[in-house]
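Shown next, in structure tokens, is the structure this report addresses.
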Amino acid sequence: MGISGGMADLTTLRDSLGALKDRERVAERLLAASARHSFDPDRELDWDQPWDPDLWYWPPELVSLYDTPLWYRMSREQRIALSRHEAAALASLGIWFELILMQLLVRHIYDKPATSAHVRYALTEIADECRHSMMFARVIKQGGTPAYPPAGPHHQLARVFKTFSTTPGSFVATLLGEEVLDWMQRLTFPDERVQPLIRGVTRIHVVEEARHVRYAREELRRQMVTAPRWERELTRLTSGEFARIFSVAFVNPQVYTDVGLDRREAVAQARASAHRREVMREGARRLTDFLDDIGVLRGPARHMWRRSGLLA
């Protein structure tokens with residue numbers, strides 16, 4: 001590295017250090033927000049309200065086959081059924097993500113002072129994620145669909161990841177699992193075409209996940225400044241692999257079989273859909289802008305994110 005390159009890196013490091021917010025102050029604000037806006041889904045939601053056969057379970061524009069040739073051959077009833085199964089598959093994916101996240105958070109705080117606000121907020125977030133997982137499981141059961149677990153290889157790969165991941169790698173994966181779903185849910189909860197129970201579930205999740213995203217972003221920004229160089233480089237590479245897995249796992253192909261579609265044809269049309277690619281990129285845009293800003297999307301990582309379909 002030349003002198004000018006080294007000076008540029010030092011300037012970037014100094015600027016980044018100046019931009020970091022005090023960890024305890026951030027946690028204290030998040031704890032105060034949690035005290036004001038935390039929900040018990042068992043009490044907040046009307047679980048006895050019947051499903052309306054004319055309403056969607058997910059906004060149609062967010063259903064994987066929307067605006068494909070196959071979509072236009074499907075009846076309205078079949079489209080609504082697909083939205084029901086895809087909502088269940090996304091709830092299943094959410095449970096998987098949150099089980100991983102809870103373990104990553106426990107690892108993160110294991111060596112930190114138990115009385116710090118940073119640790120107390122992590123424990124608060126773990127409690128939130130427990131409620132979210134139970135809420136997602138209940139809405140799947142209420143909808144009368146099967147649960148849709150991740151593919152076996154992804155399930156086993158996550159077992160390794162949550163045991164051995166670096167701290168910045170953990171927070172990249174956390175944000176990837178949270179922000180795209182959060183974008184979709186922000187479109188869902190105010191949408192009057194969608195079932196009231198689904199809107200209630202997504203509203204609770206959006207309000208509480210906003211704090212989780214803030215916590216993860218602040219910690220990842222800190223880690224990308226303070227972690228050793230090898231760890232930052234590893235984080236960049238693993239983030240690209242996370243993006244690939246996420247983009248594949250986001251739609252479970254079993255949903256197509258379960259609503260009576262030809263699975264191979266449906267998968268091919270979803271993958272070829274320009275609308276679907278734009279939905280996924282738009283859903284990830286806020287995240288990829290942030291990751292680019294803090295230096296994650298550099299070198300080979302940028303190419304890997306583009307191949308995943310989450311980065312234009």
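Ligands are numbered from 1 in the order shown, chains are lettered A, B, ... in the order of the structure tokens, and residues start at 1 in each chain.
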Report as number ranges by chain all protein, DNA and RNA residues lying within 12 Å of A:Trp96, evaluated on only C-alpha atoms, omitting residues in the same chain fewer than 3 positions from it. A: 89-93, 99-103, 129-130, 132-134, 136-137, 147-151, 154-156, 158-159, 162, 174, 177-178, 246, 249-250
Keeping only N, CA and C atoms, write the selected residues as a compact mmCIF listing (two decimals), in the first residue's frame.
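What landed in selection_18.txt:
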```txt
# COMPACT_ATOMS: atom_id res chain seq x y z
N ALA A 89 -44.67 -19.33 4.99
CA ALA A 89 -43.26 -19.63 4.74
C ALA A 89 -42.36 -18.50 5.25
N LEU A 90 -42.79 -17.25 5.10
CA LEU A 90 -42.00 -16.13 5.60
C LEU A 90 -42.00 -16.10 7.13
N ALA A 91 -43.13 -16.45 7.74
CA ALA A 91 -43.16 -16.55 9.20
C ALA A 91 -42.22 -17.66 9.69
N SER A 92 -42.19 -18.77 8.96
CA SER A 92 -41.26 -19.86 9.29
C SER A 92 -39.81 -19.41 9.16
N LEU A 93 -39.54 -18.66 8.09
CA LEU A 93 -38.20 -18.12 7.89
C LEU A 93 -37.84 -17.16 9.02
N LEU A 99 -34.25 -17.52 15.93
CA LEU A 99 -33.55 -18.50 16.75
C LEU A 99 -32.03 -18.33 16.62
N ILE A 100 -31.58 -18.07 15.38
CA ILE A 100 -30.15 -17.82 15.15
C ILE A 100 -29.74 -16.54 15.85
N LEU A 101 -30.53 -15.48 15.67
CA LEU A 101 -30.20 -14.18 16.24
C LEU A 101 -30.10 -14.25 17.76
N MET A 102 -31.02 -14.94 18.41
CA MET A 102 -30.98 -15.01 19.87
C MET A 102 -29.67 -15.64 20.34
N GLN A 103 -29.23 -16.68 19.65
CA GLN A 103 -27.97 -17.31 20.03
C GLN A 103 -26.77 -16.40 19.76
N GLU A 129 -37.62 -11.16 20.71
CA GLU A 129 -37.53 -12.18 19.67
C GLU A 129 -38.23 -13.47 20.10
N CYS A 130 -38.20 -13.78 21.38
CA CYS A 130 -38.96 -14.94 21.87
C CYS A 130 -40.44 -14.75 21.58
N HIS A 132 -41.77 -12.78 19.34
CA HIS A 132 -42.01 -12.78 17.90
C HIS A 132 -42.08 -14.21 17.36
N SER A 133 -41.18 -15.05 17.80
CA SER A 133 -41.17 -16.43 17.31
C SER A 133 -42.45 -17.16 17.69
N MET A 134 -42.92 -16.95 18.91
CA MET A 134 -44.18 -17.57 19.33
C MET A 134 -45.35 -17.00 18.54
N PHE A 136 -45.24 -15.76 15.44
CA PHE A 136 -45.19 -16.30 14.09
C PHE A 136 -45.69 -17.74 14.06
N ALA A 137 -45.29 -18.52 15.05
CA ALA A 137 -45.73 -19.92 15.10
C ALA A 137 -47.25 -20.00 15.25
N ALA A 147 -45.88 -25.51 8.52
CA ALA A 147 -44.70 -24.67 8.68
C ALA A 147 -43.73 -25.03 7.56
N TYR A 148 -42.87 -24.11 7.20
CA TYR A 148 -41.93 -24.32 6.10
C TYR A 148 -40.49 -24.13 6.60
N PRO A 149 -39.88 -25.18 7.13
CA PRO A 149 -38.51 -25.05 7.65
C PRO A 149 -37.53 -24.81 6.51
N PRO A 150 -36.34 -24.27 6.84
CA PRO A 150 -35.34 -24.05 5.79
C PRO A 150 -34.84 -25.38 5.23
N ALA A 151 -34.23 -25.31 4.06
CA ALA A 151 -33.63 -26.51 3.46
C ALA A 151 -32.57 -27.08 4.39
N HIS A 154 -29.06 -25.50 4.46
CA HIS A 154 -29.06 -24.18 5.07
C HIS A 154 -29.20 -24.29 6.59
N HIS A 155 -30.04 -25.21 7.03
CA HIS A 155 -30.23 -25.42 8.47
C HIS A 155 -28.91 -25.82 9.14
N GLN A 156 -28.17 -26.73 8.50
CA GLN A 156 -26.91 -27.19 9.08
C GLN A 156 -25.82 -26.13 8.97
N ALA A 158 -26.28 -22.93 9.10
CA ALA A 158 -26.58 -21.95 10.14
C ALA A 158 -26.11 -22.45 11.50
N ARG A 159 -26.17 -23.76 11.74
CA ARG A 159 -25.69 -24.32 13.00
C ARG A 159 -24.20 -24.02 13.19
N LYS A 162 -23.72 -19.93 13.60
CA LYS A 162 -24.06 -19.32 14.88
C LYS A 162 -23.10 -19.73 15.99
N THR A 174 -27.62 -10.56 11.00
CA THR A 174 -28.80 -10.08 11.71
C THR A 174 -29.56 -9.07 10.88
N GLY A 177 -31.28 -10.57 7.83
CA GLY A 177 -32.49 -11.30 8.19
C GLY A 177 -33.64 -10.38 8.59
N GLU A 178 -33.32 -9.16 9.03
CA GLU A 178 -34.35 -8.28 9.56
C GLU A 178 -34.86 -7.24 8.56
N PHE A 246 -29.71 -16.14 1.71
CA PHE A 246 -30.96 -15.44 1.99
C PHE A 246 -31.84 -15.36 0.76
N ALA A 249 -33.31 -18.77 0.14
CA ALA A 249 -34.21 -19.26 1.19
C ALA A 249 -35.48 -18.43 1.30
N PHE A 250 -35.52 -17.26 0.67
CA PHE A 250 -36.63 -16.34 0.90
C PHE A 250 -37.97 -16.89 0.41
```
Per-residue nearest contacts of stretch 135-228 of chain A to stretch 54-76 of chain A (6 Å; only C-alpha atoms) as a Markdown table:
```
| residue | atom | partner | partner_atom | distance |
| --- | --- | --- | --- | --- |
| A:Arg193 | CA | A:Leu55 | CA | 5.6 |
| A:Val194 | CA | A:Trp56 | CA | 4.6 |
| A:Gln195 | CA | A:Leu55 | CA | 5.6 |
```
I need the residues from that last selection saved to file as a short mmCIF file (atom, residue, chain, number, x, y, z; two decimals), in the first residue's frame (with all heavy atoms), if you can.
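This went into result37.cif:
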```cif
data_model
loop_
_atom_site.label_atom_id
_atom_site.label_comp_id
_atom_site.auth_asym_id
_atom_site.auth_seq_id
_atom_site.Cartn_x
_atom_site.Cartn_y
_atom_site.Cartn_z
N ARG A 193 -56.20 -4.45 2.09
CA ARG A 193 -56.53 -5.66 1.33
C ARG A 193 -56.09 -6.92 2.06
O ARG A 193 -56.42 -8.04 1.64
CB ARG A 193 -55.84 -5.62 -0.03
CG ARG A 193 -56.22 -4.46 -0.94
CD ARG A 193 -55.34 -4.41 -2.17
NE ARG A 193 -53.94 -4.24 -1.82
CZ ARG A 193 -52.92 -4.36 -2.68
NH1 ARG A 193 -53.16 -4.68 -3.94
NH2 ARG A 193 -51.69 -4.17 -2.28
N VAL A 194 -55.31 -6.76 3.14
CA VAL A 194 -54.69 -7.89 3.84
C VAL A 194 -55.49 -8.22 5.10
O VAL A 194 -56.08 -7.34 5.74
CB VAL A 194 -53.23 -7.54 4.20
CG1 VAL A 194 -52.57 -8.64 5.03
CG2 VAL A 194 -52.41 -7.28 2.92
N GLN A 195 -55.50 -9.51 5.45
CA GLN A 195 -56.22 -10.00 6.63
C GLN A 195 -55.83 -9.19 7.89
O GLN A 195 -54.65 -8.93 8.12
CB GLN A 195 -55.87 -11.47 6.88
CG GLN A 195 -56.18 -12.41 5.75
CD GLN A 195 -57.65 -12.76 5.64
OE1 GLN A 195 -58.46 -12.46 6.52
NE2 GLN A 195 -58.02 -13.40 4.53
#
```
Please identify every residue of stretch 73-146 of chain A that has at least one atom no farther than 9 Å from an atom of stretch 163-169 of chain A, counting only C-alpha atoms, and for each give the shortest atom pair and the distance in Å to one decimal, arranged by chain then increasing number, as a Markdown table.
```
| residue | atom | partner | partner_atom | distance |
| --- | --- | --- | --- | --- |
| A:Gln103 | CA | A:Thr163 | CA | 8.4 |
| A:Leu104 | CA | A:Thr163 | CA | 8.0 |
| A:Arg107 | CA | A:Thr163 | CA | 8.5 |
| A:His108 | CA | A:Thr167 | CA | 6.8 |
```
Written selection (C-alpha atoms) as a compact mmCIF listing (two decimals), in the first residue's frame:
```txt
# COMPACT_ATOMS: atom_id res chain seq x y z
CA GLN A 103 -27.97 -17.31 20.03
CA LEU A 104 -25.73 -14.72 18.36
CA ARG A 107 -22.63 -15.00 22.39
CA HIS A 108 -22.11 -11.27 21.87
```
A:Ile109 environment, 9 Å, only C-alpha atoms, sequence neighbours closer than 5 positions dropped, as a PyMOL selection string: chain A and resi 104+114+118-119+122-123
Output of the above residues as a compact mmCIF listing (two decimals), in the first residue's frame, restricted to N, CA and C atoms:
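File written: again06.txt
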```txt
# COMPACT_ATOMS: atom_id res chain seq x y z
N LEU A 104 -26.81 -15.65 18.66
CA LEU A 104 -25.73 -14.72 18.36
C LEU A 104 -25.66 -13.61 19.41
N ALA A 114 -22.45 -7.48 32.85
CA ALA A 114 -23.88 -7.82 32.91
C ALA A 114 -24.75 -6.65 33.32
N HIS A 118 -25.89 -1.81 27.53
CA HIS A 118 -25.72 -2.55 26.28
C HIS A 118 -26.16 -4.00 26.44
N VAL A 119 -25.78 -4.62 27.54
CA VAL A 119 -26.18 -6.01 27.79
C VAL A 119 -27.66 -6.09 28.14
N ALA A 122 -29.61 -5.98 25.02
CA ALA A 122 -29.52 -7.24 24.28
C ALA A 122 -30.49 -8.27 24.88
N LEU A 123 -30.56 -8.33 26.21
CA LEU A 123 -31.50 -9.25 26.86
C LEU A 123 -32.94 -8.86 26.57
```
Expressed in Å to a single decimal, how great is the separation between atom CA of A:Asp48 and atom CA of A:Leu197?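 That distance, rounded to one decimal, is 9.4 Å.
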Write out as a ChimeraX atom specification which residues come within 10 Å of stretch 254-260 of chain A when counting only C-alpha atoms, dropping same-chain ones fewer than 5 positions away. /A:65,78-89,145-146,148,265-267
Selection from above, all heavy atoms, as a compact mmCIF listing (two decimals), in the first residue's frame, can you write it?
```
# COMPACT_ATOMS: atom_id res chain seq x y z
N LEU A 65 -44.86 -14.84 -7.41
CA LEU A 65 -45.23 -15.03 -8.81
C LEU A 65 -46.00 -13.85 -9.40
O LEU A 65 -46.43 -13.91 -10.56
CB LEU A 65 -46.08 -16.30 -8.95
CG LEU A 65 -45.34 -17.62 -8.75
CD1 LEU A 65 -46.32 -18.79 -8.83
CD2 LEU A 65 -44.22 -17.79 -9.78
N GLN A 78 -56.74 -19.04 -6.13
CA GLN A 78 -55.43 -19.68 -6.08
C GLN A 78 -54.34 -18.66 -5.73
O GLN A 78 -53.40 -18.97 -5.00
CB GLN A 78 -55.11 -20.36 -7.42
CG GLN A 78 -54.00 -21.39 -7.33
CD GLN A 78 -53.88 -22.20 -8.61
OE1 GLN A 78 -54.24 -21.73 -9.68
NE2 GLN A 78 -53.37 -23.41 -8.49
N ARG A 79 -54.49 -17.44 -6.22
CA ARG A 79 -53.53 -16.39 -5.87
C ARG A 79 -53.57 -16.10 -4.37
O ARG A 79 -52.53 -15.95 -3.72
CB ARG A 79 -53.83 -15.11 -6.65
CG ARG A 79 -53.59 -15.21 -8.15
CD ARG A 79 -54.09 -13.94 -8.84
NE ARG A 79 -53.96 -14.01 -10.30
CZ ARG A 79 -54.40 -13.08 -11.12
NH1 ARG A 79 -55.03 -12.00 -10.64
NH2 ARG A 79 -54.23 -13.21 -12.42
N ILE A 80 -54.79 -16.01 -3.82
CA ILE A 80 -54.92 -15.76 -2.38
C ILE A 80 -54.35 -16.93 -1.59
O ILE A 80 -53.67 -16.75 -0.57
CB ILE A 80 -56.39 -15.49 -2.00
CG1 ILE A 80 -56.81 -14.12 -2.54
CG2 ILE A 80 -56.59 -15.56 -0.49
CD1 ILE A 80 -58.27 -13.77 -2.31
N ALA A 81 -54.59 -18.15 -2.07
CA ALA A 81 -54.02 -19.33 -1.40
C ALA A 81 -52.50 -19.28 -1.41
O ALA A 81 -51.84 -19.61 -0.42
CB ALA A 81 -54.52 -20.61 -2.07
N LEU A 82 -51.92 -18.86 -2.54
CA LEU A 82 -50.46 -18.75 -2.60
C LEU A 82 -49.98 -17.70 -1.61
O LEU A 82 -48.95 -17.89 -0.93
CB LEU A 82 -50.01 -18.39 -4.02
CG LEU A 82 -48.50 -18.24 -4.21
CD1 LEU A 82 -47.75 -19.53 -3.85
CD2 LEU A 82 -48.19 -17.84 -5.65
N SER A 83 -50.70 -16.59 -1.48
CA SER A 83 -50.30 -15.56 -0.50
C SER A 83 -50.36 -16.11 0.91
O SER A 83 -49.53 -15.76 1.76
CB SER A 83 -51.18 -14.31 -0.64
OG SER A 83 -52.45 -14.46 -0.03
N ARG A 84 -51.34 -16.99 1.18
CA ARG A 84 -51.45 -17.59 2.52
C ARG A 84 -50.26 -18.48 2.81
O ARG A 84 -49.66 -18.41 3.89
CB ARG A 84 -52.76 -18.39 2.61
CG ARG A 84 -53.00 -19.07 3.96
CD ARG A 84 -54.44 -19.52 4.09
NE ARG A 84 -54.78 -20.59 3.18
CZ ARG A 84 -54.82 -21.89 3.52
NH1 ARG A 84 -54.52 -22.27 4.76
NH2 ARG A 84 -55.14 -22.79 2.63
N HIS A 85 -49.88 -19.30 1.85
CA HIS A 85 -48.75 -20.22 2.07
C HIS A 85 -47.42 -19.46 2.09
O HIS A 85 -46.52 -19.81 2.87
CB HIS A 85 -48.75 -21.31 1.00
CG HIS A 85 -49.79 -22.36 1.23
ND1 HIS A 85 -49.51 -23.57 1.85
CD2 HIS A 85 -51.12 -22.37 0.96
CE1 HIS A 85 -50.62 -24.28 1.93
NE2 HIS A 85 -51.60 -23.58 1.40
N GLU A 86 -47.29 -18.42 1.27
CA GLU A 86 -46.05 -17.65 1.31
C GLU A 86 -45.93 -16.86 2.61
O GLU A 86 -44.82 -16.71 3.15
CB GLU A 86 -45.94 -16.73 0.09
CG GLU A 86 -45.66 -17.50 -1.18
CD GLU A 86 -45.05 -16.65 -2.29
OE1 GLU A 86 -44.77 -15.45 -2.08
OE2 GLU A 86 -44.84 -17.21 -3.40
N ALA A 87 -47.05 -16.37 3.15
CA ALA A 87 -47.00 -15.69 4.45
C ALA A 87 -46.54 -16.67 5.52
O ALA A 87 -45.73 -16.32 6.41
CB ALA A 87 -48.37 -15.12 4.80
N ALA A 88 -47.03 -17.92 5.47
CA ALA A 88 -46.59 -18.94 6.43
C ALA A 88 -45.12 -19.27 6.25
O ALA A 88 -44.38 -19.47 7.23
CB ALA A 88 -47.45 -20.20 6.27
N ALA A 89 -44.67 -19.33 4.99
CA ALA A 89 -43.26 -19.63 4.74
C ALA A 89 -42.36 -18.50 5.25
O ALA A 89 -41.28 -18.75 5.80
CB ALA A 89 -43.03 -19.85 3.24
N THR A 145 -51.92 -23.76 7.55
CA THR A 145 -50.90 -24.22 6.60
C THR A 145 -49.82 -25.00 7.36
O THR A 145 -49.72 -24.89 8.58
CB THR A 145 -50.21 -23.02 5.91
OG1 THR A 145 -49.48 -22.29 6.90
CG2 THR A 145 -51.22 -22.12 5.24
N PRO A 146 -48.99 -25.73 6.64
CA PRO A 146 -47.82 -26.31 7.32
C PRO A 146 -46.81 -25.22 7.61
O PRO A 146 -46.87 -24.12 7.04
CB PRO A 146 -47.27 -27.30 6.28
CG PRO A 146 -47.77 -26.81 4.97
CD PRO A 146 -49.08 -26.13 5.23
N TYR A 148 -42.87 -24.11 7.20
CA TYR A 148 -41.93 -24.32 6.10
C TYR A 148 -40.49 -24.13 6.60
O TYR A 148 -39.96 -23.02 6.53
CB TYR A 148 -42.23 -23.36 4.95
CG TYR A 148 -43.52 -23.67 4.23
CD1 TYR A 148 -44.71 -23.04 4.59
CD2 TYR A 148 -43.55 -24.60 3.20
CE1 TYR A 148 -45.90 -23.33 3.92
CE2 TYR A 148 -44.74 -24.89 2.53
CZ TYR A 148 -45.90 -24.26 2.90
OH TYR A 148 -47.08 -24.55 2.24
N GLU A 265 -41.99 -25.20 -12.92
CA GLU A 265 -42.38 -24.04 -13.71
C GLU A 265 -42.48 -22.80 -12.83
O GLU A 265 -42.03 -21.70 -13.22
CB GLU A 265 -43.74 -24.30 -14.39
CG GLU A 265 -44.21 -23.13 -15.25
CD GLU A 265 -45.61 -23.33 -15.81
OE1 GLU A 265 -46.33 -24.23 -15.33
OE2 GLU A 265 -45.97 -22.58 -16.75
N ALA A 266 -43.06 -22.94 -11.64
CA ALA A 266 -43.22 -21.79 -10.74
C ALA A 266 -41.87 -21.24 -10.30
O ALA A 266 -41.66 -20.01 -10.29
CB ALA A 266 -44.05 -22.19 -9.53
N VAL A 267 -40.94 -22.12 -9.94
CA VAL A 267 -39.61 -21.67 -9.53
C VAL A 267 -38.92 -20.93 -10.67
O VAL A 267 -38.33 -19.86 -10.48
CB VAL A 267 -38.76 -22.88 -9.06
CG1 VAL A 267 -37.28 -22.48 -8.92
CG2 VAL A 267 -39.28 -23.42 -7.73
```
Write out as a PyMOL selection string the residues lying within 6 Å of stretch 208-218 of chain A, counting only C-alpha atoms and excluding same-chain residues fewer than 3 positions away. chain A and resi 171+205+221
Written selection (N, CA, C and O atoms) as a short mmCIF file (atom, residue, chain, number, x, y, z; two decimals), in the first residue's frame:
```
data_model
loop_
_atom_site.label_atom_id
_atom_site.label_comp_id
_atom_site.auth_asym_id
_atom_site.auth_seq_id
_atom_site.Cartn_x
_atom_site.Cartn_y
_atom_site.Cartn_z
N PHE A 171 -23.60 -9.50 13.08
CA PHE A 171 -24.50 -8.36 12.94
C PHE A 171 -24.88 -8.10 11.48
O PHE A 171 -25.98 -7.63 11.21
N HIS A 205 -44.38 -6.42 14.80
CA HIS A 205 -43.01 -6.75 14.43
C HIS A 205 -42.25 -5.53 13.94
O HIS A 205 -41.09 -5.32 14.31
N ARG A 221 -21.43 -0.82 12.84
CA ARG A 221 -20.59 0.34 12.49
C ARG A 221 -19.36 0.38 13.38
O ARG A 221 -18.23 0.61 12.92
#
```
Find the residues around stretch 278-292 of chain A up to 7 Å (only C-alpha atoms counted), leave out those fewer than 6 positions away in its own chain, and share them as a ChimeraX atom specification. /A:179-180,183-184,309-312
Save the residues we just selected, C-alpha atoms, as a PDB file, in the first residue's frame?
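New file part15.pdb:
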```
ATOM      1  CA  GLU A 179     -34.335  -5.446   7.049  1.00  0.00           C
ATOM      2  CA  VAL A 180     -35.811  -7.008   3.891  1.00  0.00           C
ATOM      3  CA  TRP A 183     -39.499  -3.403   4.411  1.00  0.00           C
ATOM      4  CA  MET A 184     -42.165  -5.846   3.260  1.00  0.00           C
ATOM      5  CA  GLY A 309     -29.860 -10.354  -6.734  1.00  0.00           C
ATOM      6  CA  LEU A 310     -30.042  -8.038  -3.707  1.00  0.00           C
ATOM      7  CA  LEU A 311     -27.753  -5.356  -5.139  1.00  0.00           C
ATOM      8  CA  ALA A 312     -28.237  -3.659  -8.498  1.00  0.00           C
TER       9      ALA A 312
END
```
Shortest interatomic distance to A:Arg236 - which of A:Val296, A:Leu261, A:Val139, A:Leu105, counting only C-alpha atoms: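 So, comparing all the options, the nearest one is A:Val296.
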Show which residues sit within 10 Å of A:Ile204, as a ChimeraX atom specification. Count only C-alpha atoms, and ignore same-chain residues fewer than 4 positions away. /A:37-41,44-45,132,135,185,189,199-200,208-209
Rounded to one decimal in Å, what is the spacing between atom CA of A:Gly299 and atom CA of A:Pro228? 17.3 Å
Restricting the calculation to only C-alpha atoms: of A:Met304, A:Ala32, A:Leu181, A:Val172, which residue gets closest to A:Arg120?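 Closest to A:Arg120 of all the choices is A:Ala32.
What separates atom CA of A:Tyr121 from atom CA of A:Arg138 is a distance of 25.7 Å.
Of the residues under consideration (A:Glu24, A:Pro300, A:Leu220, A:Val248), A:Glu24 shows the shortest atom-to-atom contact distance to A:Thr115 when counting only C-alpha atoms.
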Residue among A:Asp128, A:Leu237, A:Asp111, A:Gln269 lying closest to A:Val206, counting only C-alpha atoms: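 Of all the options, A:Asp128 lies closest to A:Val206.
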